[in-house]
$ cat start-v8.cif   # mmCIF, C-alpha atoms
data_query
#
loop_
_atom_site.label_atom_id
_atom_site.label_comp_id
_atom_site.auth_asym_id
_atom_site.auth_seq_id
_atom_site.Cartn_x
_atom_site.Cartn_y
_atom_site.Cartn_z
CA MET D 102 -46.81 30.87 4.62
CA THR D 103 -47.31 33.32 7.48
CA ARG D 104 -44.80 35.28 9.49
CA ASP D 105 -45.68 33.22 12.56
CA GLU D 106 -44.94 29.98 10.71
CA VAL D 107 -41.49 31.15 9.62
CA LEU D 108 -40.72 32.57 13.05
CA SER D 109 -41.78 29.29 14.63
CA LYS D 110 -39.44 27.36 12.29
CA VAL D 111 -36.50 29.64 13.09
CA ARG D 112 -37.12 29.42 16.82
CA GLU D 113 -37.52 25.65 16.69
CA HIS D 114 -34.21 25.27 14.84
CA LEU D 115 -32.30 27.62 17.13
CA ALA D 116 -33.74 26.08 20.30
CA GLU D 117 -32.64 22.63 19.15
CA GLU D 118 -29.18 23.62 17.99
CA LEU D 119 -28.33 26.08 20.76
CA GLU D 120 -30.01 24.03 23.52
CA ILE D 121 -32.02 26.97 24.75
CA ASP D 122 -35.70 27.49 25.51
CA ALA D 123 -37.66 28.53 22.40
CA GLU D 124 -39.55 30.99 24.58
CA ALA D 125 -36.29 32.86 25.13
CA ILE D 126 -35.94 33.57 21.41
CA ALA D 127 -37.64 36.79 20.31
CA GLU D 128 -37.71 38.55 16.95
CA SER D 129 -35.36 41.13 18.40
CA SER D 130 -32.86 38.52 19.63
CA ARG D 131 -29.40 39.08 18.16
CA PHE D 132 -27.75 35.84 17.12
CA LYS D 133 -24.30 36.57 18.45
CA GLU D 134 -24.86 38.86 21.41
CA ASP D 135 -28.13 37.48 22.81
CA LEU D 136 -28.15 33.83 21.73
CA ASP D 137 -24.40 33.10 21.81
CA ALA D 138 -24.59 31.69 18.30
CA ASP D 139 -21.40 31.61 16.25
CA SER D 140 -20.74 31.55 12.51
CA LEU D 141 -21.22 27.79 12.28
CA ASP D 142 -24.62 28.04 13.98
CA LEU D 143 -25.67 30.72 11.52
CA TYR D 144 -24.53 28.73 8.48
CA GLU D 145 -26.60 25.80 9.66
CA LEU D 146 -29.64 28.05 10.12
CA VAL D 147 -29.19 29.51 6.65
CA MET D 148 -28.92 26.05 5.09
CA GLU D 149 -32.01 24.89 6.98
CA LEU D 150 -33.96 27.89 5.65
CA GLU D 151 -32.68 27.29 2.11
CA ASP D 152 -33.80 23.66 2.21
CA THR D 153 -37.14 24.37 3.87
CA TYR D 154 -38.27 27.36 1.82
CA GLY D 155 -36.46 26.85 -1.50
CA ILE D 156 -34.55 30.11 -1.29
CA ALA D 157 -30.90 30.91 -1.97
CA VAL D 158 -28.87 33.00 0.46
CA SER D 159 -25.52 34.37 -0.65
CA GLU D 160 -22.57 34.77 1.69
CA GLU D 161 -23.01 38.54 1.60
CA GLN D 162 -26.73 38.35 2.36
CA ALA D 163 -26.16 35.91 5.20
CA ALA D 164 -23.55 38.19 6.75
CA LYS D 165 -26.09 41.02 6.99
CA ILE D 166 -28.68 39.02 8.93
CA SER D 167 -28.05 39.71 12.60
CA THR D 168 -31.39 39.16 14.34
CA VAL D 169 -34.11 36.53 14.32
CA GLY D 170 -36.58 39.04 12.87
CA GLU D 171 -34.23 39.85 9.98
CA ALA D 172 -33.98 36.15 9.15
CA VAL D 173 -37.78 35.90 9.07
CA ASP D 174 -38.03 39.02 6.87
CA PHE D 175 -35.46 37.59 4.49
CA VAL D 176 -37.45 34.38 4.03
CA LEU D 177 -40.80 36.13 3.59
CA GLU D 178 -39.39 38.48 0.93
CA ARG D 179 -37.91 35.70 -1.18
CA ALA D 180 -39.79 32.46 -0.63
CA PRO D 181 -42.18 31.37 -3.38
CA ALA D 182 -45.80 32.07 -2.38
CA MET Q 204 -19.97 -13.14 10.60
CA ALA Q 205 -21.62 -9.72 10.43
CA SER Q 206 -21.17 -7.85 7.18
CA ARG Q 207 -18.83 -4.93 7.26
CA PRO Q 208 -20.04 -1.34 6.73
CA THR Q 209 -20.27 0.63 3.53
CA VAL Q 210 -17.91 3.60 3.23
CA ALA Q 211 -18.42 6.52 0.84
CA LEU Q 212 -15.05 7.50 -0.66
CA ASP Q 213 -14.44 10.83 -2.39
CA GLY Q 214 -12.73 9.78 -5.62
CA PHE Q 215 -11.09 13.14 -6.25
CA GLY Q 216 -8.22 14.84 -4.48
CA ALA Q 217 -5.65 12.08 -4.08
CA GLU Q 218 -2.41 13.79 -5.10
CA GLN Q 219 -0.96 10.55 -6.44
CA GLY Q 220 -3.85 10.17 -8.86
CA PHE Q 221 -6.90 8.04 -9.57
CA GLY Q 222 -4.90 4.84 -9.92
CA VAL Q 223 -3.55 5.06 -6.38
CA LEU Q 224 -6.98 5.91 -4.98
CA ALA Q 225 -8.48 2.97 -6.87
CA ASP Q 226 -5.79 0.66 -5.48
CA GLY Q 227 -6.64 1.85 -1.97
CA ALA Q 228 -10.34 1.15 -2.56
CA ARG Q 229 -9.48 -2.35 -3.80
CA MET Q 230 -7.35 -3.07 -0.72
CA ALA Q 231 -10.11 -1.95 1.65
CA ALA Q 232 -12.71 -3.94 -0.27
CA ALA Q 233 -10.49 -7.02 0.05
CA ASP Q 234 -11.07 -6.72 3.82
CA GLY Q 235 -14.80 -7.02 3.26
CA ILE Q 236 -15.60 -3.31 3.48
CA ARG Q 237 -18.04 -2.14 0.80
CA VAL Q 238 -16.76 1.03 -0.86
CA ARG Q 239 -18.82 3.51 -2.87
CA VAL Q 240 -16.43 5.74 -4.79
CA PHE Q 241 -17.62 9.13 -6.07
CA GLY Q 242 -15.51 9.98 -9.09
CA PRO Q 243 -14.88 9.49 -12.80
CA ARG Q 244 -15.74 5.91 -13.79
CA ASP Q 245 -13.24 5.60 -16.63
CA GLU Q 246 -10.23 6.95 -14.75
CA LEU Q 247 -10.95 4.88 -11.65
CA ALA Q 248 -11.38 1.65 -13.62
CA LEU Q 249 -13.06 -0.16 -10.74
CA ASP Q 250 -16.03 -1.62 -12.60
CA ARG Q 251 -15.29 -5.28 -12.02
CA VAL Q 252 -13.97 -5.10 -8.47
CA ASP Q 253 -15.96 -7.02 -5.85
CA GLY Q 254 -17.21 -4.78 -3.06
CA VAL Q 255 -16.54 -1.53 -4.94
CA GLU Q 256 -19.20 0.56 -6.64
CA VAL Q 257 -18.36 3.68 -8.60
CA VAL Q 258 -20.97 6.44 -8.45
CA PRO Q 259 -20.13 8.54 -11.52
CA THR Q 260 -19.27 12.06 -10.42
CA SER Q 261 -17.52 14.74 -12.43
CA GLU Q 262 -17.59 17.77 -10.15
CA TRP Q 263 -15.11 18.30 -7.35
CA ILE Q 264 -13.78 20.97 -4.96
CA GLY Q 265 -10.14 21.99 -5.12
CA ASN Q 266 -7.80 23.24 -2.43
CA GLU Q 267 -7.80 26.74 -3.88
CA GLU Q 268 -11.57 27.23 -3.51
CA ASP Q 269 -13.37 28.84 -0.57
CA ALA Q 270 -14.43 25.62 1.13
CA VAL Q 271 -17.70 26.74 2.72
CA ALA Q 272 -18.92 28.65 -0.34
CA ALA Q 273 -17.96 25.78 -2.66
CA VAL Q 274 -19.73 23.17 -0.54
CA ARG Q 275 -22.90 25.27 -0.52
CA ALA Q 276 -22.76 25.95 -4.26
CA LYS Q 277 -21.61 22.59 -5.64
CA LYS Q 278 -24.22 20.07 -4.60
CA ASP Q 279 -22.85 17.52 -7.08
CA ALA Q 280 -19.24 17.76 -5.95
CA SER Q 281 -17.79 14.38 -4.99
CA VAL Q 282 -17.16 15.26 -1.34
CA VAL Q 283 -20.66 16.74 -0.94
CA ARG Q 284 -22.23 13.63 -2.45
CA ALA Q 285 -20.15 11.39 -0.21
CA ALA Q 286 -21.46 13.27 2.83
CA ALA Q 287 -25.03 13.01 1.51
CA ASP Q 288 -24.51 9.27 1.07
CA VAL Q 289 -23.90 8.97 4.81
CA ALA Q 290 -26.65 11.40 5.79
CA GLU Q 291 -29.17 9.48 3.68
CA GLY Q 292 -28.13 6.11 5.07
CA ARG Q 293 -26.53 4.50 2.01
CA ALA Q 294 -23.10 4.55 3.64
CA ALA Q 295 -22.05 4.34 7.29
CA ALA Q 296 -19.02 6.63 6.99
CA MET Q 297 -17.23 8.91 4.55
CA VAL Q 298 -13.59 9.42 3.59
CA SER Q 299 -11.95 12.13 1.51
CA PRO Q 300 -8.28 12.61 0.66
CA GLY Q 301 -9.12 15.94 -0.97
CA SER Q 302 -9.31 19.49 0.37
CA THR Q 303 -9.37 19.35 4.18
CA GLY Q 304 -11.49 22.51 4.38
CA ALA Q 305 -14.04 21.19 1.88
CA THR Q 306 -14.22 17.84 3.65
CA MET Q 307 -14.81 19.50 7.01
CA ALA Q 308 -17.47 21.82 5.55
CA ALA Q 309 -19.23 19.05 3.60
CA ALA Q 310 -19.21 16.75 6.63
CA THR Q 311 -20.28 19.40 9.11
CA PHE Q 312 -23.16 20.65 6.97
CA GLY Q 313 -24.08 17.28 5.52
CA LEU Q 314 -23.87 15.10 8.62
CA ARG Q 315 -24.66 17.84 11.17
CA ARG Q 316 -23.20 18.23 14.62
CA LEU Q 317 -24.15 15.96 17.49
CA LYS Q 318 -26.64 17.55 19.81
CA GLY Q 319 -24.83 19.87 22.19
CA VAL Q 320 -21.56 19.98 20.23
CA GLN Q 321 -20.46 23.50 19.45
CA ARG Q 322 -17.47 22.85 17.23
CA PRO Q 323 -16.38 19.59 15.61
CA ALA Q 324 -12.68 18.89 16.12
CA LEU Q 325 -10.17 17.22 13.85
CA ALA Q 326 -8.29 14.45 15.65
CA VAL Q 327 -5.30 12.32 14.69
CA GLN Q 328 -3.47 9.43 16.23
CA LEU Q 329 0.07 10.72 16.61
CA PRO Q 330 2.90 8.80 14.99
CA VAL Q 331 4.45 7.85 18.33
CA PRO Q 332 6.04 4.39 18.40
CA GLY Q 333 4.36 1.99 20.79
CA LYS Q 334 1.75 4.47 22.03
CA ARG Q 335 -1.76 5.46 21.05
CA VAL Q 336 -1.83 9.21 21.58
CA LEU Q 337 -4.87 11.05 20.22
CA PHE Q 338 -4.26 14.71 19.43
CA LEU Q 339 -6.99 17.26 18.73
CA ASP Q 340 -7.82 19.78 17.32
CA VAL Q 341 -5.34 19.72 14.43
CA GLY Q 342 -6.97 22.25 12.18
CA ALA Q 343 -10.75 22.58 12.33
CA ASN Q 344 -10.87 25.56 14.70
CA VAL Q 345 -8.12 28.17 14.53
CA GLU Q 346 -9.72 30.15 17.35
CA VAL Q 347 -11.48 28.50 20.27
CA ARG Q 348 -13.26 29.32 23.49
CA ALA Q 349 -12.60 27.50 26.75
CA GLN Q 350 -15.79 25.49 26.45
CA HIS Q 351 -14.70 24.26 23.00
CA LEU Q 352 -11.49 22.89 24.51
CA VAL Q 353 -13.51 21.19 27.25
CA GLN Q 354 -15.74 19.53 24.68
CA PHE Q 355 -12.71 18.45 22.65
CA ALA Q 356 -11.49 16.59 25.73
CA PHE Q 357 -14.70 14.58 25.94
CA LEU Q 358 -14.78 13.96 22.19
CA GLY Q 359 -11.21 12.68 22.42
CA VAL Q 360 -11.95 10.40 25.37
CA ALA Q 361 -14.93 8.83 23.61
CA PHE Q 362 -12.92 8.17 20.43
CA SER Q 363 -9.90 6.90 22.32
CA GLU Q 364 -12.01 4.38 24.21
CA ALA Q 365 -14.28 3.33 21.35
CA VAL Q 366 -11.83 3.16 18.46
CA LEU Q 367 -8.31 3.00 19.89
CA GLY Q 368 -9.26 0.74 22.77
CA VAL Q 369 -7.62 2.93 25.42
CA MET Q 370 -10.00 2.71 28.38
CA GLY Q 371 -10.04 5.60 30.85
CA PRO Q 372 -7.50 7.59 28.83
CA ARG Q 373 -5.42 10.24 30.55
CA VAL Q 374 -6.28 13.67 29.16
CA GLY Q 375 -3.82 16.56 28.94
CA LEU Q 376 -4.28 20.15 27.88
CA LEU Q 377 -1.43 21.51 25.74
CA SER Q 378 0.06 24.67 27.18
CA VAL Q 379 3.33 26.45 27.83
CA GLY Q 380 3.82 25.10 31.34
CA GLU Q 381 2.36 22.63 33.81
CA GLU Q 382 1.15 25.24 36.29
CA ALA Q 383 -2.56 26.06 36.33
CA GLY Q 384 -2.03 29.71 35.46
CA LYS Q 385 0.11 29.06 32.39
CA GLY Q 386 -1.26 29.73 28.91
CA ARG Q 387 -3.80 31.91 27.17
CA PRO Q 388 -6.99 32.81 29.09
CA GLU Q 389 -9.12 30.18 27.34
CA VAL Q 390 -6.56 27.50 28.23
CA VAL Q 391 -6.50 28.56 31.89
CA GLU Q 392 -10.31 28.55 32.00
CA ALA Q 393 -10.55 25.18 30.27
CA ARG Q 394 -8.06 23.69 32.69
CA ALA Q 395 -10.15 24.84 35.65
CA THR Q 396 -13.29 23.31 34.15
CA LEU Q 397 -11.61 20.03 33.25
CA ALA Q 398 -10.08 19.73 36.71
CA GLU Q 399 -13.60 19.66 38.17
CA ALA Q 400 -15.14 17.50 35.45
CA THR Q 401 -16.42 14.01 36.15
CA GLY Q 402 -16.03 11.03 33.85
CA ILE Q 403 -12.59 12.06 32.67
CA ASP Q 404 -9.03 11.40 33.91
CA PHE Q 405 -7.57 14.87 33.52
CA VAL Q 406 -3.83 15.04 34.22
CA GLY Q 407 -3.50 18.81 33.79
CA ASN Q 408 -1.38 20.78 31.39
CA VAL Q 409 1.16 19.07 29.18
CA GLU Q 410 3.92 20.71 27.18
CA GLY Q 411 5.07 20.12 23.63
CA SER Q 412 7.80 17.75 24.71
CA ASP Q 413 5.18 15.60 26.46
CA LEU Q 414 3.38 14.89 23.20
CA PRO Q 415 5.83 12.36 21.73
CA ALA Q 416 6.61 11.08 25.23
CA GLY Q 417 3.02 9.91 25.62
CA ALA Q 418 2.46 11.77 28.89
CA ALA Q 419 -1.25 11.72 28.11
CA ASP Q 420 -3.40 9.50 25.92
CA VAL Q 421 -5.54 12.38 24.68
CA VAL Q 422 -4.01 15.82 24.20
CA VAL Q 423 -6.26 18.80 23.58
CA THR Q 424 -5.42 22.12 21.96
CA ASP Q 425 -6.77 24.66 19.47
CA GLY Q 426 -6.65 23.96 15.74
CA PHE Q 427 -3.88 26.43 14.98
CA THR Q 428 -1.47 25.13 17.60
CA GLY Q 429 -2.44 21.55 16.86
CA ASN Q 430 -1.80 21.84 13.16
CA VAL Q 431 1.60 23.47 13.67
CA ALA Q 432 2.60 20.85 16.25
CA LEU Q 433 1.44 17.94 14.09
CA LYS Q 434 3.29 19.14 10.99
CA LEU Q 435 6.39 19.75 13.11
CA MET Q 436 6.28 16.22 14.46
CA GLU Q 437 5.69 14.67 11.02
CA GLY Q 438 8.48 16.75 9.51
CA THR Q 439 10.89 15.92 12.31
CA ALA Q 440 10.13 12.22 12.07
CA LYS Q 441 10.72 12.27 8.31
CA THR Q 442 14.00 14.17 8.64
CA VAL Q 443 15.32 11.96 11.44
CA THR Q 444 14.46 8.71 9.66
CA GLY Q 445 16.16 10.08 6.53
CA ALA Q 446 19.25 11.03 8.53
CA ILE Q 447 19.41 7.53 10.06
CA ARG Q 448 19.13 5.98 6.60
CA ASP Q 449 21.94 8.23 5.27
CA ALA Q 450 24.15 7.46 8.27
CA ALA Q 451 23.60 3.74 7.77
CA ARG Q 452 24.93 4.06 4.20
CA SER Q 453 27.90 6.28 5.05
CA ASN Q 454 30.57 3.50 5.12
CA PRO Q 455 30.74 -0.28 4.79
CA LEU Q 456 30.70 -0.93 8.53
CA ALA Q 457 27.69 1.32 9.04
CA ALA Q 458 26.02 -0.35 6.05
CA LEU Q 459 26.49 -3.75 7.68
CA GLY Q 460 25.01 -2.46 10.92
CA GLY Q 461 22.17 -0.88 8.98
CA LEU Q 462 21.49 -4.19 7.25
CA LEU Q 463 21.25 -5.96 10.60
CA MET Q 464 18.90 -3.31 11.95
CA ARG Q 465 16.77 -3.17 8.82
CA PRO Q 466 13.86 -5.34 10.03
CA ALA Q 467 13.52 -3.33 13.25
CA LEU Q 468 13.87 0.01 11.49
CA GLY Q 469 11.35 -1.02 8.87
CA GLY Q 470 8.74 -1.54 11.59
CA LEU Q 471 9.62 1.79 13.15
CA ARG Q 472 9.35 3.52 9.80
CA ARG Q 473 5.88 2.07 9.31
CA GLU Q 474 4.81 3.28 12.74
CA LEU Q 475 6.02 6.80 11.99
CA HIS Q 476 4.57 6.99 8.48
CA PRO Q 477 1.39 9.14 8.21
CA ASP Q 478 -0.24 6.51 5.95
CA THR Q 479 -0.30 4.04 8.83
CA THR Q 480 -3.01 5.78 10.87
CA GLY Q 481 -5.22 6.50 7.86
CA GLY Q 482 -5.69 10.21 8.47
CA ALA Q 483 -7.69 12.48 10.73
CA ILE Q 484 -11.24 12.06 11.90
CA LEU Q 485 -13.73 14.83 12.40
CA LEU Q 486 -15.25 14.30 15.85
CA GLY Q 487 -18.54 15.67 17.12
CA LEU Q 488 -20.72 14.92 14.10
CA ARG Q 489 -23.74 12.64 13.71
CA GLY Q 490 -21.78 10.53 11.26
CA VAL Q 491 -18.22 9.38 10.66
CA ALA Q 492 -15.96 11.52 8.46
CA VAL Q 493 -12.28 10.76 7.88
CA VAL Q 494 -9.93 13.25 6.26
CA GLY Q 495 -7.24 11.25 4.49
CA HIS Q 496 -3.80 12.58 3.65
CA GLY Q 497 -3.77 14.22 0.22
CA SER Q 498 -0.37 12.67 -0.40
CA ALA Q 499 -1.46 9.21 0.75
CA GLY Q 500 -0.43 6.15 -1.16
CA ALA Q 501 -2.75 3.21 -1.74
CA GLU Q 502 -2.08 1.86 1.77
CA GLY Q 503 -2.95 5.27 3.24
CA ILE Q 504 -6.23 5.41 1.31
CA ALA Q 505 -7.06 1.85 2.37
CA ASN Q 506 -6.25 2.64 6.01
CA ALA Q 507 -8.44 5.74 5.92
CA VAL Q 508 -11.35 3.58 4.69
CA ARG Q 509 -10.54 0.94 7.33
CA LEU Q 510 -10.51 3.62 10.04
CA ALA Q 511 -13.89 4.91 8.87
CA ALA Q 512 -15.34 1.40 8.81
CA ARG Q 513 -14.03 0.65 12.28
CA CYS Q 514 -15.56 3.85 13.66
CA ALA Q 515 -18.90 2.78 12.24
CA GLU Q 516 -18.57 -0.78 13.56
CA VAL Q 517 -17.88 0.28 17.14
CA ASP Q 518 -20.57 3.00 17.01
CA ALA Q 519 -18.08 5.75 17.80
CA VAL Q 520 -20.73 8.39 17.17
CA GLY Q 521 -23.28 6.85 19.52
CA ARG Q 522 -20.68 6.34 22.25
CA THR Q 523 -19.51 9.93 21.88
CA ALA Q 524 -23.05 11.23 22.22
CA ALA Q 525 -23.61 9.07 25.29
CA LEU Q 526 -20.42 10.28 26.99
CA LEU Q 527 -21.20 13.93 26.32
CA SER Q 528 -24.65 13.45 27.79
CA GLU Q 529 -23.48 11.46 30.84
CA ALA Q 530 -20.67 13.90 31.61
CA GLY Q 531 -22.80 17.00 31.20
CA ALA Q 532 -20.48 18.26 28.50
CA GLY Q 533 -23.14 19.48 26.10
CA ARG Q 534 -23.54 23.09 25.10
CA ALA Q 535 -26.20 24.03 27.64
CA ALA Q 536 -24.42 22.34 30.54
CA LEU Q 537 -21.12 24.01 29.75
CA ALA Q 538 -22.79 27.40 29.40
CA ALA Q 539 -24.44 26.90 32.78
CA GLY Q 540 -21.11 25.90 34.29
CA ARG Q 541 -19.44 28.96 32.81
CA ASP Q 542 -22.09 31.16 34.42
CA GLY Q 543 -21.53 29.43 37.73
CA SER Q 544 -25.05 28.05 37.80
CA GLY Q 545 -24.50 24.47 36.81
CA ALA Q 546 -22.13 21.54 36.59
CA ALA Q 547 -19.34 21.45 34.06
#
$ encode --input "start-v8.cif" --output "structure tokens"
Amino acid sequence: MTRDEVLSKVREHLAEELEIDAEAIAESSRFKEDLDADSLDLYELVMELEDTYGIAVSEEQAAKISTVGEAVDFVLERAPA
Amino acid sequence: MASRPTVALDGFGAEQGFGVLADGARMAAADGIRVRVFGPRDELALDRVDGVEVVPTSEWIGNEEDAVAAVRAKKDASVVRAAADVAEGRAAAMVSPGSTGATMAAATFGLRRLKGVQRPALAVQLPVPGKRVLFLDVGANVEVRAQHLVQFAFLGVAFSEAVLGVMGPRVGLLSVGEEAGKGRPEVVEARATLAEATGIDFVGNVEGSDLPAGAADVVVTDGFTGNVALKLMEGTAKTVTGAIRDAARSNPLAALGGLLMRPALGGLRRELHPDTTGGAILLGLRGVAVVGHGSAGAEGIANAVRLAARCAEVDAVGRTAALLSEAGAGRAALAAGRDGSGAA
């Protein structure tokens, strides 16, 4: 699993759910401020990542993820190789 | 005759116990609805009932638990499995009389939101005699933005038409006055957007006293206000009907009058009773989820299952999605409208 693959998955999910252009989603994009995502949007992203990559994300860990890049980092650090 | 849908019923959470829930499942099944009950097989004692299947489940989520965390952690909880039953196509709709928060979380995460829907809303048919008033949100969203209120209006219209049979329903926005500038900023902004919206008969602001008067067929508000207003109406109705009953027993003459009025009052009492409407429905999801009353009797459980089945039969979800799309009330369209660059 490469960084590009995870980033692509995150962008694809957010583009679908938030009805925005995937090209407008960068690693530096902040969920709340830049993408207008709310807590429900983030929970759905976290659950999608848990199901896709077989990882577990606690409430505390989820609350600390504020950008697209941080979500990608989180997956890469914990997903089984 | 087409077969009726299958409904997944959370077998835990009915305050009156497993026996009452089982009776409700039996009554719904007698109407031809297939019911899959997620709960303890022995306590439910439904093994030989036609149309009812018990899916043995021992885990559940209580009112005292953090709903979102519990739904994520307890994959085998009855309400989570009921939602999965719908998501995986074994059932057409789900019902739970248990924790409202857990039901909303399980349904929202399990069924997912319709494309373009930002926040699902909890809607109820108000206990107003002779009228079909849909009221939302009654508890899913304590804080809302203007665009959420706008979407609630469209969700309410779609449900009112599809399930309640009220075509072209009049939509009101609950506020503290009829004038356009009255209310919190998000209410004022939502009113302006709804006034320009197409595909909806918006009648403007309505006040609390307009709710039981039926001034609008669909009344929209935030979940905090809606929940307070709903409980106030239910409590008032219960107190008033109790006071009428006591007055009718106060002396022999009143008792005679009460006896003569009994058939009419009995019908009124049924109309005002929360069990009659079956509970609240979570609108804006890709599947049907009904939140039954925790205190429901067997008739209330059965009516919640009937409501869920009816929503599935009339394709309430598909019709809601179509209306949101036709009216340009999806997330992107509303955001564009808010920025002044698109239609609302």
$ resolve_selection --input "start-v8.cif" --expression "the PyMOL selection byres ((chain Q) within 7 of (chain D))" --output "short mmCIF file (atom, residue, chain, number, x, y, z; two decimals) with C-alpha atoms, in the coordinates of the input"
data_model
loop_
_atom_site.label_atom_id
_atom_site.label_comp_id
_atom_site.auth_asym_id
_atom_site.auth_seq_id
_atom_site.Cartn_x
_atom_site.Cartn_y
_atom_site.Cartn_z
CA PHE Q 312 -23.16 20.65 6.97
CA LYS Q 318 -26.64 17.55 19.81
CA GLY Q 319 -24.83 19.87 22.19
CA ARG Q 534 -23.54 23.09 25.10
CA ALA Q 535 -26.20 24.03 27.64
#
$ resolve_selection --input "start-v8.cif" --expression "the PyMOL selection byres ((chain Q and resi 320) around 9)" --output "ChimeraX atom specification"
/D:118 /Q:316-319,321-323,351,354,487-488,527,532-534
$ write_last_selection --input "start-v8.cif" --atoms "C-alpha atoms" --output "PDB file, in the frame of the given file"
ATOM      1  CA  GLU D 118     -29.180  23.620  17.990  1.00  0.00           C
TER       2      GLU D 118
ATOM      3  CA  ARG Q 316     -23.200  18.230  14.620  1.00  0.00           C
ATOM      4  CA  LEU Q 317     -24.150  15.960  17.490  1.00  0.00           C
ATOM      5  CA  LYS Q 318     -26.640  17.550  19.810  1.00  0.00           C
ATOM      6  CA  GLY Q 319     -24.830  19.870  22.190  1.00  0.00           C
ATOM      7  CA  GLN Q 321     -20.460  23.500  19.450  1.00  0.00           C
ATOM      8  CA  ARG Q 322     -17.470  22.850  17.230  1.00  0.00           C
ATOM      9  CA  PRO Q 323     -16.380  19.590  15.610  1.00  0.00           C
ATOM     10  CA  HIS Q 351     -14.700  24.260  23.000  1.00  0.00           C
ATOM     11  CA  GLN Q 354     -15.740  19.530  24.680  1.00  0.00           C
ATOM     12  CA  GLY Q 487     -18.540  15.670  17.120  1.00  0.00           C
ATOM     13  CA  LEU Q 488     -20.720  14.920  14.100  1.00  0.00           C
ATOM     14  CA  LEU Q 527     -21.200  13.930  26.320  1.00  0.00           C
ATOM     15  CA  ALA Q 532     -20.480  18.260  28.500  1.00  0.00           C
ATOM     16  CA  GLY Q 533     -23.140  19.480  26.100  1.00  0.00           C
ATOM     17  CA  ARG Q 534     -23.540  23.090  25.100  1.00  0.00           C
TER      18      ARG Q 534
END
$ atom_distance --input "start-v8.cif" --atom1 "atom CA of Q:Pro243" --atom2 "atom CA of Q:Arg275"
21.5 Å
$ resolve_selection --input "start-v8.cif" --expression "the PyMOL selection byres ((chain D and resi 180) around 9)" --output "ChimeraX atom specification"
/D:102,154-156,175-179,181-182
$ closest_residue --input "start-v8.cif" --among "D:Ile166, D:Glu106, D:Asp174, D:Glu161" --to "D:Leu143" --atoms "only C-alpha atoms"
D:Ile166
$ closest_residue --input "start-v8.cif" --among "Q:Lys385, Q:Arg284, Q:Arg373, Q:Lys334" --to "Q:Ile403" --atoms "all atoms listed in the file"
Q:Arg373
$ residues_around --input "start-v8.cif" --residues "Q:Ile264" --least-positions-apart "5" --cutoff "7 Å" --atoms "all atoms listed in the file" --output "PyMOL selection string"
chain Q and resi 273+280+305
$ write_last_selection --input "start-v8.cif" --atoms "C-alpha atoms" --output "PDB file, keeping the file's coordinate frame"
ATOM      1  CA  ALA Q 273     -17.960  25.780  -2.660  1.00  0.00           C
ATOM      2  CA  ALA Q 280     -19.240  17.760  -5.950  1.00  0.00           C
ATOM      3  CA  ALA Q 305     -14.040  21.190   1.880  1.00  0.00           C
TER       4      ALA Q 305
END
$ residues_around --input "start-v8.cif" --residues "stretch 417-428 of chain Q" --least-positions-apart "6" --cutoff "9 Å" --atoms "all atoms listed in the file" --output "PyMOL selection string"
chain Q and resi 324-325+331+334-348+351-353+355-356+359-360+363+369+372-378+390+405-406+409
$ atom_distance --input "start-v8.cif" --atom1 "atom CA of Q:Thr306" --atom2 "atom CA of Q:Ala538"
28.8 Å
$ residues_around --input "start-v8.cif" --residues "Q:Asn266" --least-positions-apart "3" --cutoff "9 Å" --atoms "only C-alpha atoms" --output "MDAnalysis selection string"
chainID Q and resid 216 269:270 301:305
